[in-house]
Amino acid sequence: MKKSHIAILVCIAAAIVVLISYTGDLTTYETIASAKEKEGKFVNLIVKLDKQQPMQYDAVKNPNYLVFTAVDTLGNNIKVVYHNNKPTDMEKSERLVLKGRVQGDHFECKDILLKCPSKYKDDPKANKDIPAANS
Amino acid sequence: MNYIGEHLFPGQLGHFFVVLSFVASLIATIAYAKAFRTADLAQKESWKRLARTAFFTESVSVLVVFVSLYYIISHHYFEYKYAFTHSDKSLQVEYLLSCFWEGQEGSFMLWSFWHCVLGWILIWRSKDWENGVMMVLSFAQFCLASMILGIYFFGNKVGSSPFILARNEGFFDSAPIFKDVTNGGLRADYLTLLKDGTGLNTLLQNYWMVIHPPILFLGFATTIVPFAFAIAGLLRQKHDWIKPALPWASFSAAILGLGVMMGAAWAYESLSFGGYWAWDPVENASLVPWLTLVAGLHTNVIYKQTGYSLRPTYFFYIISFLLVLYSTFLTRSGILGDTSVHAFTDLGMNVQLLLFVLVFLVPAFGLFAWRYKSIPTIVKEESTYSREFWIFIGSLVLFLSGIVIIAKTSVPVFNKLFGTNIAPPEDPEYAYNQIQIFVAIVIGLLTAITQYLKYKDTPKAFFAKKIWIPTGIAVVISLAISFFGHISYDKKGYGFLYAIHLAIFASVYAVVANASYIWLGLKGKIKAAGASVAHVGFGMVLVGILLSSSKKTVLSWNTTGITPLTADPKAKGNAAGDPAENITLFKGQPTDMGRYMVTYTQDTMNQADRKRYFEIDFKAKDGSEGFRVYPDVIKQNKGMEGFSANPSAKHYWYKDIFVYITSFQENSREDTSSYRSRAMKVGDTVFYSNGFMVLNSVGKNPERMKAKYQPDESALFLDITVFAKDGRRYPLTPGVALKGMQLRELPDTVLAQSLVVKFNRVLDDKAGKLEIGIKESAAITDLITLKVYEFPMINILWLGVIVMVTGFIMSVLQRIRENRRGALRVS
């Protein structure tokens with residue numbers, strides 16, 4: 001066997017080990033109900049902002065404290081605490097991906113990904129109110 | 001029905017030439033294929049002439065399409081969907097081009113345009129390889145043209161045309177204002193109601209976004225050249241293409257690398273990824289082809305010098321182009337969905353995009369497998385003391401590192417294929433970093449040492465004699481960095497910290513060894529030093545990445561006390577974790593921020609670029625420096641509320657300080673409330689709406705308030721503590737200063753409580769009774785919330801990129817000279 005063949009095998013083995021170890025780090029998308037069952041485990045929630053409930057954010061009192069209520073497609077909801085600034089346009093976003101873990105009565109959020117309907121999208125529905133605004 | 005005021009000609013012209021380019025590229029492909037297959041020389045020539053004519057038609061068409069769309073956008077013809085959704089009238093001229101690449105169609109056109117340019121250089125230079133190479137390139141042009149075709153074939157829509165009209169896409173169906181009351185259709189004069197487009201995404205209104213996409217797409221486009229040479233080589237079973245392909249591969253690596261790093265520079269300056277690199281799928285997808293291309297470039301050099309590694313060269317060049325196609329699929333199909341913030345949106349062309357990958361992947365791999373046995377190899381093994389052996393190992397490591405990155409990036413694809421719901425790990429960046437740091441170590445060491453090995457075999461004495469000087473220098477420098485550089489990134493444990501130190505040594509070693517090789521190995525022949533210069537640049541890039549990432553610091557740790565968090569935000573195990581990175585500044589109020597006192601002094605609205613600029617004043621506490629930065633916000637468009645923020649930076653040669661507005665609140669309400677008078681004496685308590693305050697003491701000419709009154713004034717200050725309902729305390733020291741009969745009031749405020757307190761007068765001197773005035777304002781002042789980051793040593797990274805690209809270009813020129821000399825020798 002040639003040295004280069006051995007090197008190839010070693011490297012491929014290393015790559016496989018790396019990828020397998022990566023699967024250990026991976027997390028899952030959960031619903032609110034299933035996330036509550038896995039309290040303390042890092043999960044991703046795909047939710048919407050519950051606009052009926054008040055959102056609490058006051059840059060004067062604390063710019064790093066946002067509390068809101070999230071609701072998922074199954075209709076469950078949960079209080080979310082996010083220790084960071086309120087993402088711009090949060091109210092408008094169609095979908096939120098929350099990364100964090102359930103702690104007691106609330107979801108301790110580490111990161112929020114906004115999915116805005118019109119960010120890069122040519123969605124006809126998103127333009128509904130444009131002409132009225134411009135005319 | 002005719003609509004008033006529509007400009008249909010540019011769209012019809014554009015669409016006609018889209019179709020023409022589609023047909024012409026098909027003809028060019030077939031004609032080049034015929035010319036490639038035919039043995040008969042006369043026929044070969046005539047097919048080639050036809051192919052060139054077709055390719056000429058194709059190039060002209062692409063240009064006309066480009067110009068038509070630019071005409072539509074720059075004339076604000078909002079009846080076209082592309083202009084309506086990607087631009088508006090207030091946009092500055094320099095960003096009109098950015099509107100092109102905001103949409104998928106425009107970026108396909110850009111890619112296609114570069115293919116045309118490259119095609120003509122290939123026709124001019126590649127001699128007997130022209131037919132084979134241009135056949136592949138024309139076919140790629142055919143595929144790209146189909147992407148913007150927008151025509152239905154048997155009920156299936158092929159491509160998405162940039163020239164469609166907004167009214168045909170149902171844009172106005174849901175808005176009653178556009179309805180014609182007589183027949184329920186669209187009003188004939190609907191354009192008079194359509195005043196403006198929805199605008200260019202605010203993130204793209206940045207000068208990097210004008211130049212980064214063209215460079216990146218030139219990089220993407222160039223990867224087809226080595227690929228096309230490889231395919232033609234496999235078909236002809238001739239392998240001398242590696243000589244003309246080598247400068248192309250170097251050029252491609254230079255431009256693709258530059259394009260990727262310009263994207264990083266944009267991400268850095270707009271902070272939209274929180275730094276220059278976030279392992280976002282969009283970034284990864286363009287990095288990975290670069291890694292495999294660089295691997296192929298190195299094995300190409302090996303083959304040219306020694307005859308080894310031809311098979312890997314074929315493989316790397318083929319996979320690089322396929323990875324470019326795959327990255328196109330990833331970023332444009334919308335499959336990345338929840339994992340990337342910056343991908344294009346789905347245009348409903350997923351099947352077509354997938355076919356674009358497969359139509360190249362299947363034949364290319366099939367051909368490679370079929371011809372594999374016939375590709376010549378050398379049976380004798382490489383020596384361990386040979387350059388080719390270690391270059392090959394390096395290429396292999398680069399390739400596998402790319403595979404690991406793309407595998408992780410493809411998680412959403414696996415989810416789609418197997419119906420799983422795997423999400424990225426808790427710390428996605430670290431998941432990449434912990435692996436790639438070892439790649440950096442290995443590649444750094446190999447880059448350093450391998451130049452000192454000779455091809456075939458290296459006399460051990462020679463190697464030992466040359467290598468110790470750079471090794472010694474590198475050890476000294478990297479030890480100095482390790483000991484005095486305050487590299488203390490221990491968040492991920494000591495193992496990772498050691499790896500960082502090791503990687504710093506390896507990358508410094510790469511820089512030093514390659515720089516000294518120019519003298520030790522090449523005797524200062526700069527013309528031949530392209531590879532060494534590129535390696536120096538690459539080493540600097542690694543050094544810059546390591547230093548800047550491991551030392552990035554947040555300056556805006558919330559230290560003002562304006563927070564209900566009781567735990568230390570930096571403490572481990574604190575639920576809030578790190579992100580207490582925002583600090584609130586009140587207009588005109590200096591706030592403590594580490595080494596600086598920071599004040600938000602003013603803001604202005606600039607009409608030209610529609611941005612609101614904030615002036616933030618930094619003063620070092622030790623008085624050594626002071627500077628101002630001007631971060632800005634721009635109002636969101638496309639039906640979104642709110643603002644998107646652009647950071648501003650103070651650049652030093654050794655660090656950058658970034659200031660980024662996370663929110664702002666303007667005092668729009670009139671302050672109508674007035675002072676309420678309250679009598680109190682020391683120890684008394686007075687309530688206000690949100691808590692109470694206690695008068696602790698009265699001080700005459702207190703030393704600590706000296707800054708507030710003149711030496712010739714006599715001053716009286718009250719020491720009050722405010723207890724807010726939520727348990728927080730604020731000190732308050734209102735006072736008066738008296739000079740003769742002139743009384744000056746010195747009210748004090750608790751901005752967080754919107755509270756103003758002034759000292760009115762002394763009511764009863766003997767009883768110690770005083771009168772204070774309390775005002776609770778609805779909104780006292782403007783305020784902003786911001787984040788401040790410090791990135792050290794980032795300039796090493798940018799300088800490294802420039803050096804690396806220079807090195808690549810030097811070696812392109814060097815290879816072209818060599819090929820020309822070689823051609824002369826043959827003839």
# chains A, B, ... in the order shown; residues from 1 in each chain; ligands from 1
>>> residues_around(residues="region 287-296 of chain B", least_positions_apart="4", cutoff="10 Å", atoms="only C-alpha atoms", output="ChimeraX atom specification")
/B:219-220,223,226-227,246,249-250,252-257,259-261,279,281-283,300-302,309-310,312-327,391-406
>>> write_last_selection(atoms="C-alpha atoms", output="PDB file, in the first residue's frame")
ATOM      1  CA  GLY B 219     -14.929  33.962  -9.480  1.00  0.00           C
ATOM      2  CA  PHE B 220     -17.832  31.530  -9.929  1.00  0.00           C
ATOM      3  CA  THR B 223     -14.295  27.840 -12.170  1.00  0.00           C
ATOM      4  CA  PRO B 226     -10.470  24.278 -15.427  1.00  0.00           C
ATOM      5  CA  PHE B 227     -13.611  22.122 -15.382  1.00  0.00           C
ATOM      6  CA  LEU B 246      -2.889  26.253 -14.629  1.00  0.00           C
ATOM      7  CA  ALA B 249      -6.972  27.987 -12.063  1.00  0.00           C
ATOM      8  CA  SER B 250      -4.682  30.504 -10.325  1.00  0.00           C
ATOM      9  CA  SER B 252      -9.950  31.694 -10.582  1.00  0.00           C
ATOM     10  CA  ALA B 253      -8.579  31.093  -7.096  1.00  0.00           C
ATOM     11  CA  ALA B 254      -7.486  34.729  -6.915  1.00  0.00           C
ATOM     12  CA  ILE B 255     -10.838  36.163  -7.991  1.00  0.00           C
ATOM     13  CA  LEU B 256     -13.036  33.712  -6.115  1.00  0.00           C
ATOM     14  CA  GLY B 257     -10.958  34.240  -2.978  1.00  0.00           C
ATOM     15  CA  GLY B 259     -14.921  37.841  -4.008  1.00  0.00           C
ATOM     16  CA  VAL B 260     -15.499  35.744  -0.911  1.00  0.00           C
ATOM     17  CA  MET B 261     -13.382  38.044   1.208  1.00  0.00           C
ATOM     18  CA  TRP B 279     -20.155  30.191   8.861  1.00  0.00           C
ATOM     19  CA  PRO B 281     -24.485  28.684   4.594  1.00  0.00           C
ATOM     20  CA  VAL B 282     -24.192  31.438   1.988  1.00  0.00           C
ATOM     21  CA  GLU B 283     -20.588  32.072   2.994  1.00  0.00           C
ATOM     22  CA  ASN B 300      -1.939  20.505 -11.093  1.00  0.00           C
ATOM     23  CA  VAL B 301       1.482  21.945 -10.211  1.00  0.00           C
ATOM     24  CA  ILE B 302       2.609  18.537  -8.958  1.00  0.00           C
ATOM     25  CA  SER B 309      -1.400  13.403  -9.080  1.00  0.00           C
ATOM     26  CA  LEU B 310      -3.128  13.705 -12.456  1.00  0.00           C
ATOM     27  CA  PRO B 312      -6.706  14.057  -8.222  1.00  0.00           C
ATOM     28  CA  THR B 313      -6.272  17.114 -10.470  1.00  0.00           C
ATOM     29  CA  TYR B 314      -9.126  15.950 -12.673  1.00  0.00           C
ATOM     30  CA  PHE B 315     -11.216  15.202  -9.628  1.00  0.00           C
ATOM     31  CA  PHE B 316     -10.589  18.527  -7.865  1.00  0.00           C
ATOM     32  CA  TYR B 317     -11.278  20.653 -10.934  1.00  0.00           C
ATOM     33  CA  ILE B 318     -14.490  18.768 -11.659  1.00  0.00           C
ATOM     34  CA  ILE B 319     -15.727  18.913  -8.080  1.00  0.00           C
ATOM     35  CA  SER B 320     -14.946  22.643  -7.764  1.00  0.00           C
ATOM     36  CA  PHE B 321     -17.304  23.581 -10.553  1.00  0.00           C
ATOM     37  CA  LEU B 322     -19.942  21.126  -9.335  1.00  0.00           C
ATOM     38  CA  LEU B 323     -19.696  22.686  -5.891  1.00  0.00           C
ATOM     39  CA  VAL B 324     -20.300  26.102  -7.429  1.00  0.00           C
ATOM     40  CA  LEU B 325     -23.454  24.701  -9.004  1.00  0.00           C
ATOM     41  CA  TYR B 326     -24.435  23.069  -5.738  1.00  0.00           C
ATOM     42  CA  SER B 327     -23.937  26.346  -3.909  1.00  0.00           C
ATOM     43  CA  ILE B 391       1.628  19.154  -1.376  1.00  0.00           C
ATOM     44  CA  PHE B 392      -0.657  16.238  -2.098  1.00  0.00           C
ATOM     45  CA  ILE B 393      -1.328  15.749   1.610  1.00  0.00           C
ATOM     46  CA  GLY B 394      -2.095  19.465   1.908  1.00  0.00           C
ATOM     47  CA  SER B 395      -4.523  19.324  -1.017  1.00  0.00           C
ATOM     48  CA  LEU B 396      -6.200  16.334   0.542  1.00  0.00           C
ATOM     49  CA  VAL B 397      -6.631  18.148   3.851  1.00  0.00           C
ATOM     50  CA  LEU B 398      -8.085  21.200   2.071  1.00  0.00           C
ATOM     51  CA  PHE B 399     -10.496  18.995   0.160  1.00  0.00           C
ATOM     52  CA  LEU B 400     -11.664  17.113   3.232  1.00  0.00           C
ATOM     53  CA  SER B 401     -12.017  20.299   5.203  1.00  0.00           C
ATOM     54  CA  GLY B 402     -14.268  21.528   2.397  1.00  0.00           C
ATOM     55  CA  ILE B 403     -16.274  18.308   2.479  1.00  0.00           C
ATOM     56  CA  VAL B 404     -16.791  18.606   6.224  1.00  0.00           C
ATOM     57  CA  ILE B 405     -17.964  22.220   5.842  1.00  0.00           C
ATOM     58  CA  ILE B 406     -20.355  21.464   2.999  1.00  0.00           C
TER      59      ILE B 406
END
>>> residues_around(residues="Pro63 (chain A)", least_positions_apart="4", cutoff="6 Å", atoms="only C-alpha atoms", output="ChimeraX atom specification")
/A:59,85 /B:582
>>> atom_distance(atom1="CA of Lys79 (chain A)", atom2="CA of His106 (chain A)")
4.9 Å
>>> residues_around(residues="Ser648 (chain B)", least_positions_apart="3", cutoff="7 Å", atoms="only C-alpha atoms", output="list in words")
Val629, Tyr630, Pro631, Phe658, Val659 and Tyr660 of chain B
>>> closest_residue(among="B:Thr38, B:Gln753, B:Asn131, B:Gln814", to="chain A", atoms="only C-alpha atoms")
B:Gln753
